[in-house]
>>> print(open('my_file06.pdb').read())   # PDB, C-alpha atoms, pLDDT in the B column
ATOM      1  CA  MET W  10      85.735 112.740  77.539  1.00 55.00           C
ATOM      2  CA  ILE W  11      87.619 111.842  80.707  1.00 54.00           C
ATOM      3  CA  GLN W  12      90.781 109.883  80.054  1.00 57.00           C
ATOM      4  CA  PHE W  13      91.438 106.977  82.395  1.00 60.00           C
ATOM      5  CA  ASP W  14      94.674 105.324  81.338  1.00 63.00           C
ATOM      6  CA  ASP W  15      95.447 101.758  82.355  1.00 68.00           C
ATOM      7  CA  TYR W  16      98.743 102.129  84.176  1.00 71.00           C
ATOM      8  CA  HIS W  17      99.438  98.509  85.145  1.00 78.00           C
ATOM      9  CA  ARG W  18     101.952  99.498  87.778  1.00 83.00           C
ATOM     10  CA  THR W  19     102.255  99.374  91.530  1.00 91.00           C
ATOM     11  CA  ILE W  20     102.956 102.378  93.730  1.00 92.00           C
ATOM     12  CA  VAL W  21     103.441 102.915  97.448  1.00 96.00           C
ATOM     13  CA  GLY W  22     100.755 105.097  98.980  1.00 97.00           C
ATOM     14  CA  TYR W  23     100.836 106.551 102.490  1.00 98.00           C
ATOM     15  CA  HIS W  24      97.793 107.241 104.641  1.00 98.00           C
ATOM     16  CA  GLY W  25      97.864 109.109 107.954  1.00 97.00           C
ATOM     17  CA  THR W  26      95.445 108.163 110.712  1.00 97.00           C
ATOM     18  CA  ARG W  27      95.119 107.471 114.438  1.00 97.00           C
ATOM     19  CA  LEU W  28      97.260 104.667 115.838  1.00 98.00           C
ATOM     20  CA  SER W  29      94.270 102.543 116.934  1.00 97.00           C
ATOM     21  CA  VAL W  30      92.754 102.771 113.448  1.00 97.00           C
ATOM     22  CA  ALA W  31      96.062 101.829 111.822  1.00 98.00           C
ATOM     23  CA  ILE W  32      96.424  98.777 114.082  1.00 98.00           C
ATOM     24  CA  ASP W  33      92.872  97.660 113.252  1.00 98.00           C
ATOM     25  CA  ILE W  34      93.518  98.030 109.524  1.00 98.00           C
ATOM     26  CA  VAL W  35      96.797  96.102 109.685  1.00 97.00           C
ATOM     27  CA  ASN W  36      95.099  93.339 111.705  1.00 97.00           C
ATOM     28  CA  ARG W  37      92.168  93.309 109.243  1.00 97.00           C
ATOM     29  CA  ARG W  38      89.600  94.237 111.876  1.00 97.00           C
ATOM     30  CA  ARG W  39      88.553  97.231 109.795  1.00 97.00           C
ATOM     31  CA  ARG W  40      89.064  98.698 106.355  1.00 96.00           C
ATOM     32  CA  PHE W  41      90.175 102.121 105.289  1.00 95.00           C
ATOM     33  CA  LYS W  42      87.285 104.534 105.736  1.00 92.00           C
ATOM     34  CA  TYR W  43      85.804 105.643 102.435  1.00 93.00           C
ATOM     35  CA  SER W  44      85.203 109.373 102.738  1.00 94.00           C
ATOM     36  CA  ARG W  45      81.948 110.841 101.416  1.00 96.00           C
ATOM     37  CA  ASN W  46      82.255 114.398 102.695  1.00 95.00           C
ATOM     38  CA  ARG W  47      80.833 117.238 100.600  1.00 96.00           C
ATOM     39  CA  ASP W  48      84.236 118.920 100.704  1.00 95.00           C
ATOM     40  CA  ASP W  49      86.530 116.020  99.754  1.00 95.00           C
ATOM     41  CA  TRP W  50      89.040 117.807  97.566  1.00 92.00           C
ATOM     42  CA  LEU W  51      89.333 115.189  94.796  1.00 93.00           C
ATOM     43  CA  GLY W  52      85.942 113.595  95.325  1.00 94.00           C
ATOM     44  CA  HIS W  53      84.866 110.711  97.487  1.00 96.00           C
ATOM     45  CA  GLY W  54      87.244 107.895  98.339  1.00 94.00           C
ATOM     46  CA  VAL W  55      90.260 106.925 100.404  1.00 95.00           C
ATOM     47  CA  TYR W  56      93.189 109.323 100.191  1.00 95.00           C
ATOM     48  CA  PHE W  57      96.821 108.263  99.915  1.00 96.00           C
ATOM     49  CA  TRP W  58      99.973 110.284  99.285  1.00 95.00           C
ATOM     50  CA  GLU W  59     102.021 108.627  96.543  1.00 94.00           C
ATOM     51  CA  TYR W  60     105.627 108.100  97.679  1.00 93.00           C
ATOM     52  CA  ALA W  61     105.207 110.821 100.316  1.00 96.00           C
ATOM     53  CA  PRO W  62     105.117 109.586 103.931  1.00 97.00           C
ATOM     54  CA  GLN W  63     105.985 113.074 105.204  1.00 98.00           C
ATOM     55  CA  GLN W  64     102.912 114.492 103.460  1.00 97.00           C
ATOM     56  CA  ALA W  65     100.731 111.813 105.065  1.00 97.00           C
ATOM     57  CA  PHE W  66     102.214 112.689 108.458  1.00 98.00           C
ATOM     58  CA  TRP W  67     101.703 116.428 107.913  1.00 97.00           C
ATOM     59  CA  TRP W  68      98.088 115.849 106.876  1.00 95.00           C
ATOM     60  CA  ALA W  69      97.449 113.609 109.903  1.00 97.00           C
ATOM     61  CA  GLN W  70      98.971 116.215 112.235  1.00 97.00           C
ATOM     62  CA  ARG W  71      96.577 118.857 110.910  1.00 95.00           C
ATOM     63  CA  ARG W  72      93.618 116.502 111.275  1.00 94.00           C
ATOM     64  CA  ALA W  73      94.694 115.477 114.790  1.00 97.00           C
ATOM     65  CA  ARG W  74      94.769 119.126 115.887  1.00 97.00           C
ATOM     66  CA  ARG W  75      91.382 119.931 114.337  1.00 94.00           C
ATOM     67  CA  GLN W  76      89.680 116.819 115.707  1.00 95.00           C
ATOM     68  CA  LYS W  77      91.595 116.798 119.002  1.00 97.00           C
ATOM     69  CA  TRP W  78      92.831 113.218 118.710  1.00 96.00           C
ATOM     70  CA  SER W  79      93.891 111.845 122.075  1.00 96.00           C
ATOM     71  CA  GLU W  80      96.263 109.243 120.652  1.00 97.00           C
ATOM     72  CA  PRO W  81      99.373 109.130 118.491  1.00 98.00           C
ATOM     73  CA  ILE W  82      99.425 109.405 114.722  1.00 97.00           C
ATOM     74  CA  ALA W  83     100.347 106.438 112.542  1.00 98.00           C
ATOM     75  CA  ILE W  84     101.275 106.325 108.877  1.00 98.00           C
ATOM     76  CA  LEU W  85     100.270 103.273 106.880  1.00 98.00           C
ATOM     77  CA  ALA W  86     102.151 102.312 103.735  1.00 97.00           C
ATOM     78  CA  SER W  87     100.131 100.437 101.140  1.00 96.00           C
ATOM     79  CA  MET W  88     101.135  98.768  97.914  1.00 96.00           C
ATOM     80  CA  ILE W  89      98.519  99.963  95.434  1.00 93.00           C
ATOM     81  CA  ARG W  90      98.097  98.300  92.068  1.00 89.00           C
ATOM     82  CA  LEU W  91      96.970 101.003  89.691  1.00 85.00           C
ATOM     83  CA  GLY W  92      94.468 100.139  87.036  1.00 79.00           C
ATOM     84  CA  PHE W  93      92.428 102.747  85.251  1.00 76.00           C
ATOM     85  CA  CYS W  94      93.411 106.084  86.756  1.00 78.00           C
ATOM     86  CA  PHE W  95      92.694 109.731  86.186  1.00 79.00           C
ATOM     87  CA  ASP W  96      96.244 111.096  86.265  1.00 80.00           C
ATOM     88  CA  LEU W  97      96.276 114.738  87.354  1.00 84.00           C
ATOM     89  CA  LEU W  98      99.863 115.104  86.180  1.00 82.00           C
ATOM     90  CA  ASP W  99      98.736 114.563  82.586  1.00 82.00           C
ATOM     91  CA  PRO W 100      98.200 117.976  80.916  1.00 88.00           C
ATOM     92  CA  TYR W 101      95.328 116.509  78.871  1.00 86.00           C
ATOM     93  CA  ASN W 102      93.428 115.714  82.056  1.00 84.00           C
ATOM     94  CA  VAL W 103      94.074 119.152  83.536  1.00 87.00           C
ATOM     95  CA  LYS W 104      92.615 120.660  80.361  1.00 89.00           C
ATOM     96  CA  TYR W 105      89.704 118.228  80.621  1.00 87.00           C
ATOM     97  CA  LEU W 106      89.008 119.378  84.186  1.00 90.00           C
ATOM     98  CA  LYS W 107      88.507 122.924  82.922  1.00 93.00           C
ATOM     99  CA  THR W 108      85.974 121.619  80.405  1.00 92.00           C
ATOM    100  CA  ILE W 109      84.150 119.437  82.936  1.00 93.00           C
ATOM    101  CA  HIS W 110      84.072 122.345  85.418  1.00 96.00           C
ATOM    102  CA  GLN W 111      82.360 124.557  82.840  1.00 96.00           C
ATOM    103  CA  GLU W 112      79.932 121.777  81.928  1.00 96.00           C
ATOM    104  CA  PHE W 113      79.131 121.217  85.621  1.00 97.00           C
ATOM    105  CA  VAL W 114      78.433 124.934  86.180  1.00 97.00           C
ATOM    106  CA  GLU W 115      76.226 125.112  83.079  1.00 97.00           C
ATOM    107  CA  THR W 116      74.304 122.020  84.195  1.00 96.00           C
ATOM    108  CA  GLN W 117      73.766 123.462  87.665  1.00 97.00           C
ATOM    109  CA  HIS W 118      72.457 126.697  86.169  1.00 97.00           C
ATOM    110  CA  ALA W 119      70.177 124.826  83.742  1.00 97.00           C
ATOM    111  CA  LEU W 120      68.744 122.875  86.683  1.00 97.00           C
ATOM    112  CA  GLN W 121      68.436 126.132  88.641  1.00 97.00           C
ATOM    113  CA  ARG W 122      70.726 124.818  91.359  1.00 97.00           C
ATOM    114  CA  LYS W 123      73.267 126.809  93.281  1.00 97.00           C
ATOM    115  CA  VAL W 124      76.878 126.132  92.256  1.00 97.00           C
ATOM    116  CA  PRO W 125      78.888 125.090  95.326  1.00 97.00           C
ATOM    117  CA  GLN W 126      81.761 127.375  96.274  1.00 97.00           C
ATOM    118  CA  ASN W 127      85.085 126.530  97.878  1.00 96.00           C
ATOM    119  CA  ALA W 128      85.665 128.198 101.233  1.00 95.00           C
ATOM    120  CA  ASN W 129      89.264 128.101 102.444  1.00 89.00           C
ATOM    121  CA  ARG W 130      89.994 124.467 103.291  1.00 87.00           C
ATOM    122  CA  PHE W 131      86.461 123.363 102.426  1.00 94.00           C
ATOM    123  CA  LYS W 132      86.526 122.255  98.782  1.00 96.00           C
ATOM    124  CA  TYR W 133      82.801 121.974  98.032  1.00 97.00           C
ATOM    125  CA  LEU W 134      83.125 123.011  94.382  1.00 97.00           C
ATOM    126  CA  ASP W 135      86.171 120.821  93.748  1.00 96.00           C
ATOM    127  CA  CYS W 136      84.408 117.789  95.216  1.00 97.00           C
ATOM    128  CA  ALA W 137      81.255 118.388  93.194  1.00 97.00           C
ATOM    129  CA  VAL W 138      83.219 118.775  89.940  1.00 96.00           C
ATOM    130  CA  PHE W 139      85.205 115.565  90.512  1.00 93.00           C
ATOM    131  CA  GLN W 140      82.068 113.622  91.438  1.00 94.00           C
ATOM    132  CA  TYR W 141      80.422 114.978  88.294  1.00 94.00           C
ATOM    133  CA  ALA W 142      83.448 113.876  86.227  1.00 89.00           C
ATOM    134  CA  TYR W 143      83.431 110.372  87.727  1.00 86.00           C
ATOM    135  CA  ALA W 144      79.710 110.001  87.042  1.00 87.00           C
ATOM    136  CA  ALA W 145      80.300 110.993  83.390  1.00 77.00           C
ATOM    137  CA  VAL W 146      82.531 107.969  82.752  1.00 70.00           C
TER     138      VAL W 146
END
>>> encode(input="my_file06.pdb", output="structure tokens")
Amino acid sequence: MIQFDDYHRTIVGYHGTRLSVAIDIVNRRRRFKYSRNRDDWLGHGVYFWEYAPQQAFWWAQRRARRQKWSEPIAILASMIRLGFCFDLLDPYNVKYLKTIHQEFVETQHALQRKVPQNANRFKYLDCAVFQYAYAAV
């Protein structure tokens, strides 16, 4: 069973994006974009780097190059109140991921479906396993 602990704490999360998007978010003209790509590494959602603005900047630089952004990068800092979270630093949850991965593969085989495979930076299998885990809660 997946373990979501109730953390009741606030963290600072950093999100890298285009400057125009950051300005719109700060001015409440738009929200963070919820990603639903098949290769979202940790499943669908909005990604933040906890206490790591340099990581957010590095990630945004990579994305800017791949997508040929024609504007500067901006890093947004957000105060995030954690509630029930799946903490990947908890060894119990890492062990659980191995179990849920096996269960996902067995389910795919039982349904005669192809098991997605990761391909370099495309994390199709990782995304599918996390989405499977979230649906199991």
>>> atom_distance(input="my_file06.pdb", atom1="atom CA of W:Leu51", atom2="atom CA of W:Gln121")
24.4 Å
>>> axis_aligned_box(input="my_file06.pdb", around="stretch 40-45 of chain W", padding_each_side="4 Å", output="JSON")
{"center_x": 86.1, "center_y": 104.8, "center_z": 103.9, "size_x": 16.2, "size_y": 20.1, "size_z": 12.9}
>>> resolve_selection(input="my_file06.pdb", expression="the PyMOL selection byres ((chain W and resi 70-73) around 12)", output="MDAnalysis selection string")
chainID W and resid 24:28 63:69 74:84 130
>>> atom_distance(input="my_file06.pdb", atom1="atom CA of W:Tyr141", atom2="atom CA of W:Ile109")
7.9 Å
>>> atom_distance(input="my_file06.pdb", atom1="atom CA of W:Cys136", atom2="atom CA of W:Tyr60")
23.5 Å
>>> residues_around(input="my_file06.pdb", residues="W:Tyr133", least_positions_apart="3", cutoff="9 Å", atoms="all atoms listed in the file", output="list in words")
Asn46, Arg47, Asp48, Asp49, Trp50, Pro125, Gln126, Asn127, Ala128, Cys136, Ala137 and Val138 of chain W
>>> closest_residue(input="my_file06.pdb", among="W:Phe93, W:Ala142, W:Phe131, W:Gly54", to="W:Thr108", atoms="all atoms listed in the file")
W:Ala142
>>> residues_near_point(input="my_file06.pdb", point="(101.6, 99.4, 100.4)", cutoff="12 Å", atoms="all atoms listed in the file", output="PyMOL selection string")
chain W and resi 19-24+35+57-62+84-91
>>> write_last_selection(input="my_file06.pdb", atoms="C-alpha atoms", output="PDB file, in the coordinates of the input")
ATOM      1  CA  THR W  19     102.255  99.374  91.530  1.00 91.00           C
ATOM      2  CA  ILE W  20     102.956 102.378  93.730  1.00 92.00           C
ATOM      3  CA  VAL W  21     103.441 102.915  97.448  1.00 96.00           C
ATOM      4  CA  GLY W  22     100.755 105.097  98.980  1.00 97.00           C
ATOM      5  CA  TYR W  23     100.836 106.551 102.490  1.00 98.00           C
ATOM      6  CA  HIS W  24      97.793 107.241 104.641  1.00 98.00           C
ATOM      7  CA  VAL W  35      96.797  96.102 109.685  1.00 97.00           C
ATOM      8  CA  PHE W  57      96.821 108.263  99.915  1.00 96.00           C
ATOM      9  CA  TRP W  58      99.973 110.284  99.285  1.00 95.00           C
ATOM     10  CA  GLU W  59     102.021 108.627  96.543  1.00 94.00           C
ATOM     11  CA  TYR W  60     105.627 108.100  97.679  1.00 93.00           C
ATOM     12  CA  ALA W  61     105.207 110.821 100.316  1.00 96.00           C
ATOM     13  CA  PRO W  62     105.117 109.586 103.931  1.00 97.00           C
ATOM     14  CA  ILE W  84     101.275 106.325 108.877  1.00 98.00           C
ATOM     15  CA  LEU W  85     100.270 103.273 106.880  1.00 98.00           C
ATOM     16  CA  ALA W  86     102.151 102.312 103.735  1.00 97.00           C
ATOM     17  CA  SER W  87     100.131 100.437 101.140  1.00 96.00           C
ATOM     18  CA  MET W  88     101.135  98.768  97.914  1.00 96.00           C
ATOM     19  CA  ILE W  89      98.519  99.963  95.434  1.00 93.00           C
ATOM     20  CA  ARG W  90      98.097  98.300  92.068  1.00 89.00           C
ATOM     21  CA  LEU W  91      96.970 101.003  89.691  1.00 85.00           C
TER      22      LEU W  91
END
>>> residues_near_point(input="my_file06.pdb", point="(87.0, 109.5, 102.5)", cutoff="6 Å", atoms="all atoms listed in the file", output="PDB file with C-alpha atoms, in the coordinates of the input")
ATOM      1  CA  LYS W  42      87.285 104.534 105.736  1.00 92.00           C
ATOM      2  CA  TYR W  43      85.804 105.643 102.435  1.00 93.00           C
ATOM      3  CA  SER W  44      85.203 109.373 102.738  1.00 94.00           C
ATOM      4  CA  ARG W  45      81.948 110.841 101.416  1.00 96.00           C
ATOM      5  CA  HIS W  53      84.866 110.711  97.487  1.00 96.00           C
ATOM      6  CA  GLY W  54      87.244 107.895  98.339  1.00 94.00           C
ATOM      7  CA  VAL W  55      90.260 106.925 100.404  1.00 95.00           C
TER       8      VAL W  55
END
>>> closest_residue(input="my_file06.pdb", among="W:Arg122, W:Phe41, W:Asp96, W:Phe139", to="W:His110", atoms="only C-alpha atoms")
W:Phe139
>>> closest_residue(input="my_file06.pdb", among="W:Arg18, W:Ser29, W:Glu112, W:Leu106", to="W:Asp135", atoms="all atoms listed in the file")
W:Leu106
